[in-house]
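Participant: Below is the structure I would like to discuss, written out as structure tokens.
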Number of protein chains: 2
Amino acid sequence: MMHENITLAHGGGGRLSRQLTEELFLPILGNRYLLQLNDSAVVEPGEGAAAFTTDAFVVDPVFFPGGDIGRLAVCGTVNDLAVMGALPRYLSAAFILEEGYPLADLRRIVRSMKDTADEAEVTIVTGDTKVVPRGAADSIFITTAGIGYMNPGMPVSAGRAHPGDAVIISGPVGRHGMAIMTSREGLGFSSTIESDVAPLNRLTAAMLEVTGDIHVMRDATRGGLATVLNEIASQAACDIILEERSVPVTEAVRGACELLGFDPLYVANEGVLVACAAADAAGALLEAMRGQTYGTEAVIAGRVGNSGSGRVVLETEMGSRRVLDMLSGEQLPRIC
Amino acid sequence: MMHENITLAHGGGGRLSRQLTEELFLPILGNRYLLQLNDSAVVEPGEGAAAFTTDAFVVDPVFFPGGDIGRLAVCGTVNDLAVMGALPRYLSAAFILEEGYPLADLRRIVRSMKDTADEAEVTIVTGDTKVVPRGAADSIFITTAGIGYMNPGMPVSAGRAHPGDAVIISGPVGRHGMAIMTSREGLGFSSTIESDVAPLNRLTAAMLEVTGDIHVMRDATRGGLATVLNEIASQAACDIILEERSVPVTEAVRGACELLGFDPLYVANEGVLVACAAADAAGALLEAMRGQTYGTEAVIAGRVGNSGSGRVVLETEMGSRRVLDMLSGEQLPRIC
């Protein structure tokens, strides 16, 4: 590659665009779909229904403890498919780059996307790159979209939470948001907080294998655990009781949250899901989850009630109860 | 909507994000897929293979004569599917918004996306919105991805151009690029140049209906007609002879190009396609194209040769011949 930094011509559609594709993207991501160099990839979405989703990623900093924007962009879309009960299969990736962006950083990010895609067993089959003049965007934004095969026997939807369901959380909450926040602020914490960013599709596949009684799965991203529980309670018109003492939070996250004034229940995760499942299936489900890399710390942390209030109630460690609202206002811009 | 401008909280995943979805996106785009408010849309991609593509849009200005970033974002993805011979069906849309962006402008753009999607008979089934602080992005970027049903009997691919094929252009070239350029510069041209931005899927469907002998279809976007012909010649390892006098260029585009120092053959189009088809099918194909809204000015403007050079040769109006190279360098940043 003649240039060390992205130039406007890399996004112009001409010779340098072609060179960027052939010398950077294809050697790392290269597969039979991308190598066609056509306007679309031709894929086999399988029989029956498919899941389709998209997410834009604008995280700052681009590289953070435990991950980077590339891993985040792959995981975000994989997880949105996985929590629908789908088997993630094909991804697209569209890059918006600021003029002057270092090619070495782009290469590192694309390599991370490839590694994460391999881990999740998905293929990046199509893409696009645009370059904007210096100052028109901050370094790099990535938008992924994804297609997954639906599992026809497994309707999973936020509206299906049912009174009596156990509420299961797959791991400690607040790590992604606090990893970004502490690295952004350059705070000298004694221990680095690593993001939980991870592809959850093997975890969800293992969960769906063990029982047909999972009613809801959601990944607890922006707005954190509290917000996603509110969405579930609202869509299912039920109430959810969350036991504060059962919600896993690492010491490092708890400490950083206290210092910076955040509530870990509202901090974004990128590798944690919430499930509502029939209570009598919860034990087997938990066991299956704990056998998976990203589910070893799974716990039952609450239950779906039958008040029909659409509210989330926190049973505090002190024994009191309070309503846990959705996130209002913005806690952390550019967290993902 | 309480706010008149986008705030960081609109992208935070909490209450205001929800409100933006419920009060702006859903009333305009609302359909049974989006209304599920799940992490993915569940779609039916049909039997057999599907086409999958993505494009990011960063055009400046966002509103331009003949269109806007919303129409562009829908057409760009629809056309990438259509030129593969696919029937475009489902779209995703991911927005990156700058803090302070006027909600009225966003509403106008989303309305334009809906109108264009209706025209193209595609459905926007899933989406995402991120907000970045003032200065971290310039106003609004939109990334669309799309899924289309493949027509199993119709393999269309840039590598399939064949010696003897007629090269057909669906309409006058250079309008989109010059519409952006003249409106950006605030140049007082006597006549406004309107972008050609349009969904081409009805045109491609009509073309595929009339003959099975279409070997290549490509939309001539970034890099213009000359660049896409070079890509076809290179991928098929053939040469392409383009007759300058047959390439349609409007007087307004020709005048603006001369004044500003552009070659219309390299200027981006967003509603013009190039096809290579067996010469004996070209007459019927042209007739079918001219019966379509976005094909009335279709012409045969060249032929595929058998030198195997991978080059594009221009036969000039003066009767001389010169090699027409790919675009090198960037003509127009943020053209799409």
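Quick note on naming: the chains in the structure tokens go A, B, ... in the order shown, residues restart at 1 in each chain, and ligands are numbered from 1 in order of appearance.
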Kindly determine which residues of chain A lie within 6 Å of chain B, considering only C-alpha atoms, and give the answer as a ChimeraX atom specification.
Facilitator: /A:9,12-15,39-44,49-56,80-81,94,126-128,136-138,222-223,326-330
Participant: Apply DSSP to the structure's backbone, then extract all residues of range 31-72 of chain A labelled strand (DSSP E or B) and return them as a PyMOL selection string.
Facilitator: chain A and resi 41-43+50-57+63-64+67-68
Participant: Mind checking DSSP for range 162-278 of chain B and telling me the alpha helix (DSSP H) residues as a PDB file with N, CA, C and O atoms, in the first residue's frame?
Facilitator:
ATOM      1  N   ARG B 175     -25.327  13.079 -13.959  1.00  0.00           N
ATOM      2  CA  ARG B 175     -26.270  14.009 -13.312  1.00  0.00           C
ATOM      3  C   ARG B 175     -26.122  14.069 -11.793  1.00  0.00           C
ATOM      4  O   ARG B 175     -26.132  15.151 -11.214  1.00  0.00           O
ATOM      5  N   HIS B 176     -26.001  12.911 -11.129  1.00  0.00           N
ATOM      6  CA  HIS B 176     -25.918  12.970  -9.664  1.00  0.00           C
ATOM      7  C   HIS B 176     -24.707  13.784  -9.206  1.00  0.00           C
ATOM      8  O   HIS B 176     -24.839  14.718  -8.404  1.00  0.00           O
ATOM      9  N   GLY B 177     -23.555  13.434  -9.713  1.00  0.00           N
ATOM     10  CA  GLY B 177     -22.330  14.130  -9.297  1.00  0.00           C
ATOM     11  C   GLY B 177     -22.395  15.624  -9.549  1.00  0.00           C
ATOM     12  O   GLY B 177     -22.009  16.433  -8.698  1.00  0.00           O
ATOM     13  N   MET B 178     -22.907  16.014 -10.719  1.00  0.00           N
ATOM     14  CA  MET B 178     -22.933  17.438 -11.033  1.00  0.00           C
ATOM     15  C   MET B 178     -24.047  18.161 -10.261  1.00  0.00           C
ATOM     16  O   MET B 178     -23.918  19.346  -9.956  1.00  0.00           O
ATOM     17  N   ALA B 179     -25.123  17.449  -9.914  1.00  0.00           N
ATOM     18  CA  ALA B 179     -26.154  18.052  -9.059  1.00  0.00           C
ATOM     19  C   ALA B 179     -25.561  18.404  -7.695  1.00  0.00           C
ATOM     20  O   ALA B 179     -25.779  19.491  -7.158  1.00  0.00           O
ATOM     21  N   ILE B 180     -24.785  17.464  -7.139  1.00  0.00           N
ATOM     22  CA  ILE B 180     -24.146  17.701  -5.837  1.00  0.00           C
ATOM     23  C   ILE B 180     -23.132  18.836  -5.957  1.00  0.00           C
ATOM     24  O   ILE B 180     -23.113  19.765  -5.149  1.00  0.00           O
ATOM     25  N   MET B 181     -22.312  18.758  -6.977  1.00  0.00           N
ATOM     26  CA  MET B 181     -21.215  19.705  -7.127  1.00  0.00           C
ATOM     27  C   MET B 181     -21.731  21.123  -7.323  1.00  0.00           C
ATOM     28  O   MET B 181     -21.257  22.057  -6.671  1.00  0.00           O
ATOM     29  N   THR B 182     -22.711  21.291  -8.205  1.00  0.00           N
ATOM     30  CA  THR B 182     -23.192  22.644  -8.478  1.00  0.00           C
ATOM     31  C   THR B 182     -23.983  23.180  -7.283  1.00  0.00           C
ATOM     32  O   THR B 182     -23.916  24.366  -6.985  1.00  0.00           O
ATOM     33  N   SER B 183     -24.711  22.305  -6.556  1.00  0.00           N
ATOM     34  CA  SER B 183     -25.454  22.826  -5.404  1.00  0.00           C
ATOM     35  C   SER B 183     -24.503  23.110  -4.249  1.00  0.00           C
ATOM     36  O   SER B 183     -24.701  24.045  -3.488  1.00  0.00           O
ATOM     37  N   ARG B 184     -23.441  22.322  -4.136  1.00  0.00           N
ATOM     38  CA  ARG B 184     -22.482  22.540  -3.049  1.00  0.00           C
ATOM     39  C   ARG B 184     -21.739  23.857  -3.227  1.00  0.00           C
ATOM     40  O   ARG B 184     -21.524  24.605  -2.286  1.00  0.00           O
ATOM     41  N   GLU B 185     -21.376  24.116  -4.446  1.00  0.00           N
ATOM     42  CA  GLU B 185     -20.592  25.319  -4.717  1.00  0.00           C
ATOM     43  C   GLU B 185     -21.464  26.570  -4.772  1.00  0.00           C
ATOM     44  O   GLU B 185     -20.950  27.671  -4.869  1.00  0.00           O
ATOM     45  N   ASN B 201     -34.979  -1.159  -9.753  1.00  0.00           N
ATOM     46  CA  ASN B 201     -35.374  -2.573  -9.748  1.00  0.00           C
ATOM     47  C   ASN B 201     -36.502  -2.903 -10.715  1.00  0.00           C
ATOM     48  O   ASN B 201     -36.569  -4.019 -11.219  1.00  0.00           O
ATOM     49  N   ARG B 202     -37.376  -1.944 -11.024  1.00  0.00           N
ATOM     50  CA  ARG B 202     -38.392  -2.260 -12.041  1.00  0.00           C
ATOM     51  C   ARG B 202     -37.742  -2.353 -13.416  1.00  0.00           C
ATOM     52  O   ARG B 202     -38.115  -3.187 -14.231  1.00  0.00           O
ATOM     53  N   LEU B 203     -36.780  -1.483 -13.649  1.00  0.00           N
ATOM     54  CA  LEU B 203     -36.052  -1.522 -14.918  1.00  0.00           C
ATOM     55  C   LEU B 203     -35.333  -2.862 -15.082  1.00  0.00           C
ATOM     56  O   LEU B 203     -35.457  -3.520 -16.127  1.00  0.00           O
ATOM     57  N   THR B 204     -34.615  -3.299 -14.041  1.00  0.00           N
ATOM     58  CA  THR B 204     -33.883  -4.564 -14.167  1.00  0.00           C
ATOM     59  C   THR B 204     -34.849  -5.741 -14.303  1.00  0.00           C
ATOM     60  O   THR B 204     -34.578  -6.676 -15.051  1.00  0.00           O
ATOM     61  N   ALA B 205     -35.973  -5.678 -13.598  1.00  0.00           N
ATOM     62  CA  ALA B 205     -36.961  -6.766 -13.712  1.00  0.00           C
ATOM     63  C   ALA B 205     -37.489  -6.845 -15.140  1.00  0.00           C
ATOM     64  O   ALA B 205     -37.622  -7.941 -15.710  1.00  0.00           O
ATOM     65  N   ALA B 206     -37.774  -5.689 -15.731  1.00  0.00           N
ATOM     66  CA  ALA B 206     -38.264  -5.663 -17.116  1.00  0.00           C
ATOM     67  C   ALA B 206     -37.201  -6.196 -18.072  1.00  0.00           C
ATOM     68  O   ALA B 206     -37.510  -6.899 -19.039  1.00  0.00           O
ATOM     69  N   MET B 207     -35.960  -5.877 -17.799  1.00  0.00           N
ATOM     70  CA  MET B 207     -34.861  -6.350 -18.648  1.00  0.00           C
ATOM     71  C   MET B 207     -34.717  -7.867 -18.570  1.00  0.00           C
ATOM     72  O   MET B 207     -34.577  -8.550 -19.585  1.00  0.00           O
ATOM     73  N   LEU B 208     -34.767  -8.390 -17.342  1.00  0.00           N
ATOM     74  CA  LEU B 208     -34.581  -9.835 -17.159  1.00  0.00           C
ATOM     75  C   LEU B 208     -35.749 -10.621 -17.727  1.00  0.00           C
ATOM     76  O   LEU B 208     -35.619 -11.797 -18.070  1.00  0.00           O
ATOM     77  N   GLU B 209     -36.904  -9.944 -17.831  1.00  0.00           N
ATOM     78  CA  GLU B 209     -38.085 -10.629 -18.360  1.00  0.00           C
ATOM     79  C   GLU B 209     -37.965 -10.837 -19.869  1.00  0.00           C
ATOM     80  O   GLU B 209     -38.480 -11.812 -20.417  1.00  0.00           O
ATOM     81  N   VAL B 210     -37.275  -9.912 -20.532  1.00  0.00           N
ATOM     82  CA  VAL B 210     -37.271  -9.918 -21.992  1.00  0.00           C
ATOM     83  C   VAL B 210     -36.221 -10.869 -22.575  1.00  0.00           C
ATOM     84  O   VAL B 210     -36.391 -11.376 -23.683  1.00  0.00           O
ATOM     85  N   GLY B 224     -18.072   6.741 -11.813  1.00  0.00           N
ATOM     86  CA  GLY B 224     -18.809   6.955 -13.049  1.00  0.00           C
ATOM     87  C   GLY B 224     -18.748   5.804 -14.036  1.00  0.00           C
ATOM     88  O   GLY B 224     -18.270   4.703 -13.734  1.00  0.00           O
ATOM     89  N   LEU B 225     -19.245   6.080 -15.222  1.00  0.00           N
ATOM     90  CA  LEU B 225     -19.341   5.083 -16.289  1.00  0.00           C
ATOM     91  C   LEU B 225     -17.974   4.486 -16.617  1.00  0.00           C
ATOM     92  O   LEU B 225     -17.831   3.259 -16.769  1.00  0.00           O
ATOM     93  N   ALA B 226     -16.951   5.335 -16.721  1.00  0.00           N
ATOM     94  CA  ALA B 226     -15.627   4.842 -17.124  1.00  0.00           C
ATOM     95  C   ALA B 226     -15.087   3.828 -16.125  1.00  0.00           C
ATOM     96  O   ALA B 226     -14.509   2.803 -16.505  1.00  0.00           O
ATOM     97  N   THR B 227     -15.298   4.084 -14.833  1.00  0.00           N
ATOM     98  CA  THR B 227     -14.752   3.192 -13.816  1.00  0.00           C
ATOM     99  C   THR B 227     -15.471   1.854 -13.805  1.00  0.00           C
ATOM    100  O   THR B 227     -14.840   0.793 -13.732  1.00  0.00           O
ATOM    101  N   VAL B 228     -16.802   1.884 -13.910  1.00  0.00           N
ATOM    102  CA  VAL B 228     -17.543   0.621 -13.877  1.00  0.00           C
ATOM    103  C   VAL B 228     -17.243  -0.211 -15.127  1.00  0.00           C
ATOM    104  O   VAL B 228     -17.113  -1.437 -15.055  1.00  0.00           O
ATOM    105  N   LEU B 229     -17.064   0.432 -16.271  1.00  0.00           N
ATOM    106  CA  LEU B 229     -16.689  -0.316 -17.481  1.00  0.00           C
ATOM    107  C   LEU B 229     -15.306  -0.943 -17.312  1.00  0.00           C
ATOM    108  O   LEU B 229     -15.063  -2.069 -17.743  1.00  0.00           O
ATOM    109  N   ASN B 230     -14.393  -0.224 -16.658  1.00  0.00           N
ATOM    110  CA  ASN B 230     -13.079  -0.789 -16.387  1.00  0.00           C
ATOM    111  C   ASN B 230     -13.171  -2.003 -15.473  1.00  0.00           C
ATOM    112  O   ASN B 230     -12.457  -2.989 -15.666  1.00  0.00           O
ATOM    113  N   GLU B 231     -14.046  -1.923 -14.472  1.00  0.00           N
ATOM    114  CA  GLU B 231     -14.202  -3.071 -13.569  1.00  0.00           C
ATOM    115  C   GLU B 231     -14.726  -4.284 -14.333  1.00  0.00           C
ATOM    116  O   GLU B 231     -14.270  -5.408 -14.125  1.00  0.00           O
ATOM    117  N   ILE B 232     -15.694  -4.033 -15.204  1.00  0.00           N
ATOM    118  CA  ILE B 232     -16.261  -5.138 -15.992  1.00  0.00           C
ATOM    119  C   ILE B 232     -15.190  -5.730 -16.911  1.00  0.00           C
ATOM    120  O   ILE B 232     -15.009  -6.952 -16.966  1.00  0.00           O
ATOM    121  N   ALA B 233     -14.458  -4.867 -17.610  1.00  0.00           N
ATOM    122  CA  ALA B 233     -13.431  -5.343 -18.544  1.00  0.00           C
ATOM    123  C   ALA B 233     -12.359  -6.140 -17.812  1.00  0.00           C
ATOM    124  O   ALA B 233     -11.906  -7.191 -18.274  1.00  0.00           O
ATOM    125  N   SER B 234     -11.989  -5.647 -16.631  1.00  0.00           N
ATOM    126  CA  SER B 234     -10.949  -6.314 -15.855  1.00  0.00           C
ATOM    127  C   SER B 234     -11.435  -7.667 -15.326  1.00  0.00           C
ATOM    128  O   SER B 234     -10.739  -8.672 -15.435  1.00  0.00           O
ATOM    129  N   GLN B 235     -12.653  -7.695 -14.778  1.00  0.00           N
ATOM    130  CA  GLN B 235     -13.138  -8.945 -14.196  1.00  0.00           C
ATOM    131  C   GLN B 235     -13.411  -9.997 -15.264  1.00  0.00           C
ATOM    132  O   GLN B 235     -13.252 -11.184 -15.029  1.00  0.00           O
ATOM    133  N   ALA B 236     -13.832  -9.576 -16.465  1.00  0.00           N
ATOM    134  CA  ALA B 236     -14.128 -10.540 -17.524  1.00  0.00           C
ATOM    135  C   ALA B 236     -12.921 -10.779 -18.420  1.00  0.00           C
ATOM    136  O   ALA B 236     -12.980 -11.613 -19.321  1.00  0.00           O
ATOM    137  N   GLU B 251     -27.194  18.582 -21.911  1.00  0.00           N
ATOM    138  CA  GLU B 251     -26.491  19.845 -22.168  1.00  0.00           C
ATOM    139  C   GLU B 251     -26.049  20.499 -20.868  1.00  0.00           C
ATOM    140  O   GLU B 251     -24.941  21.032 -20.761  1.00  0.00           O
ATOM    141  N   ALA B 252     -26.934  20.442 -19.859  1.00  0.00           N
ATOM    142  CA  ALA B 252     -26.614  21.092 -18.584  1.00  0.00           C
ATOM    143  C   ALA B 252     -25.398  20.440 -17.932  1.00  0.00           C
ATOM    144  O   ALA B 252     -24.502  21.120 -17.416  1.00  0.00           O
ATOM    145  N   VAL B 253     -25.352  19.095 -17.940  1.00  0.00           N
ATOM    146  CA  VAL B 253     -24.216  18.384 -17.345  1.00  0.00           C
ATOM    147  C   VAL B 253     -22.951  18.661 -18.151  1.00  0.00           C
ATOM    148  O   VAL B 253     -21.884  18.935 -17.590  1.00  0.00           O
ATOM    149  N   ARG B 254     -23.081  18.638 -19.470  1.00  0.00           N
ATOM    150  CA  ARG B 254     -21.910  18.901 -20.308  1.00  0.00           C
ATOM    151  C   ARG B 254     -21.344  20.301 -20.013  1.00  0.00           C
ATOM    152  O   ARG B 254     -20.137  20.476 -19.828  1.00  0.00           O
ATOM    153  N   GLY B 255     -22.236  21.279 -19.915  1.00  0.00           N
ATOM    154  CA  GLY B 255     -21.808  22.657 -19.651  1.00  0.00           C
ATOM    155  C   GLY B 255     -21.130  22.794 -18.297  1.00  0.00           C
ATOM    156  O   GLY B 255     -20.050  23.386 -18.175  1.00  0.00           O
ATOM    157  N   ALA B 256     -21.754  22.210 -17.260  1.00  0.00           N
ATOM    158  CA  ALA B 256     -21.181  22.311 -15.912  1.00  0.00           C
ATOM    159  C   ALA B 256     -19.843  21.589 -15.841  1.00  0.00           C
ATOM    160  O   ALA B 256     -18.897  22.069 -15.204  1.00  0.00           O
ATOM    161  N   CYS B 257     -19.740  20.441 -16.489  1.00  0.00           N
ATOM    162  CA  CYS B 257     -18.483  19.688 -16.496  1.00  0.00           C
ATOM    163  C   CYS B 257     -17.377  20.507 -17.165  1.00  0.00           C
ATOM    164  O   CYS B 257     -16.247  20.557 -16.666  1.00  0.00           O
ATOM    165  N   GLU B 258     -17.703  21.136 -18.277  1.00  0.00           N
ATOM    166  CA  GLU B 258     -16.683  21.936 -18.970  1.00  0.00           C
ATOM    167  C   GLU B 258     -16.205  23.086 -18.095  1.00  0.00           C
ATOM    168  O   GLU B 258     -15.018  23.328 -17.945  1.00  0.00           O
ATOM    169  N   LEU B 259     -17.179  23.751 -17.456  1.00  0.00           N
ATOM    170  CA  LEU B 259     -16.855  24.897 -16.626  1.00  0.00           C
ATOM    171  C   LEU B 259     -15.998  24.505 -15.422  1.00  0.00           C
ATOM    172  O   LEU B 259     -15.078  25.222 -15.030  1.00  0.00           O
ATOM    173  N   LEU B 260     -16.321  23.349 -14.818  1.00  0.00           N
ATOM    174  CA  LEU B 260     -15.658  22.960 -13.574  1.00  0.00           C
ATOM    175  C   LEU B 260     -14.501  21.996 -13.794  1.00  0.00           C
ATOM    176  O   LEU B 260     -13.814  21.612 -12.842  1.00  0.00           O
TER     177      LEU B 260
END
Participant: As a PyMOL selection string, please: the residues near Glu315 in chain A (cut-off 6 Å, only C-alpha atoms, same-chain neighbours under 2 positions excluded).
Facilitator: chain A and resi 243-244+320-321
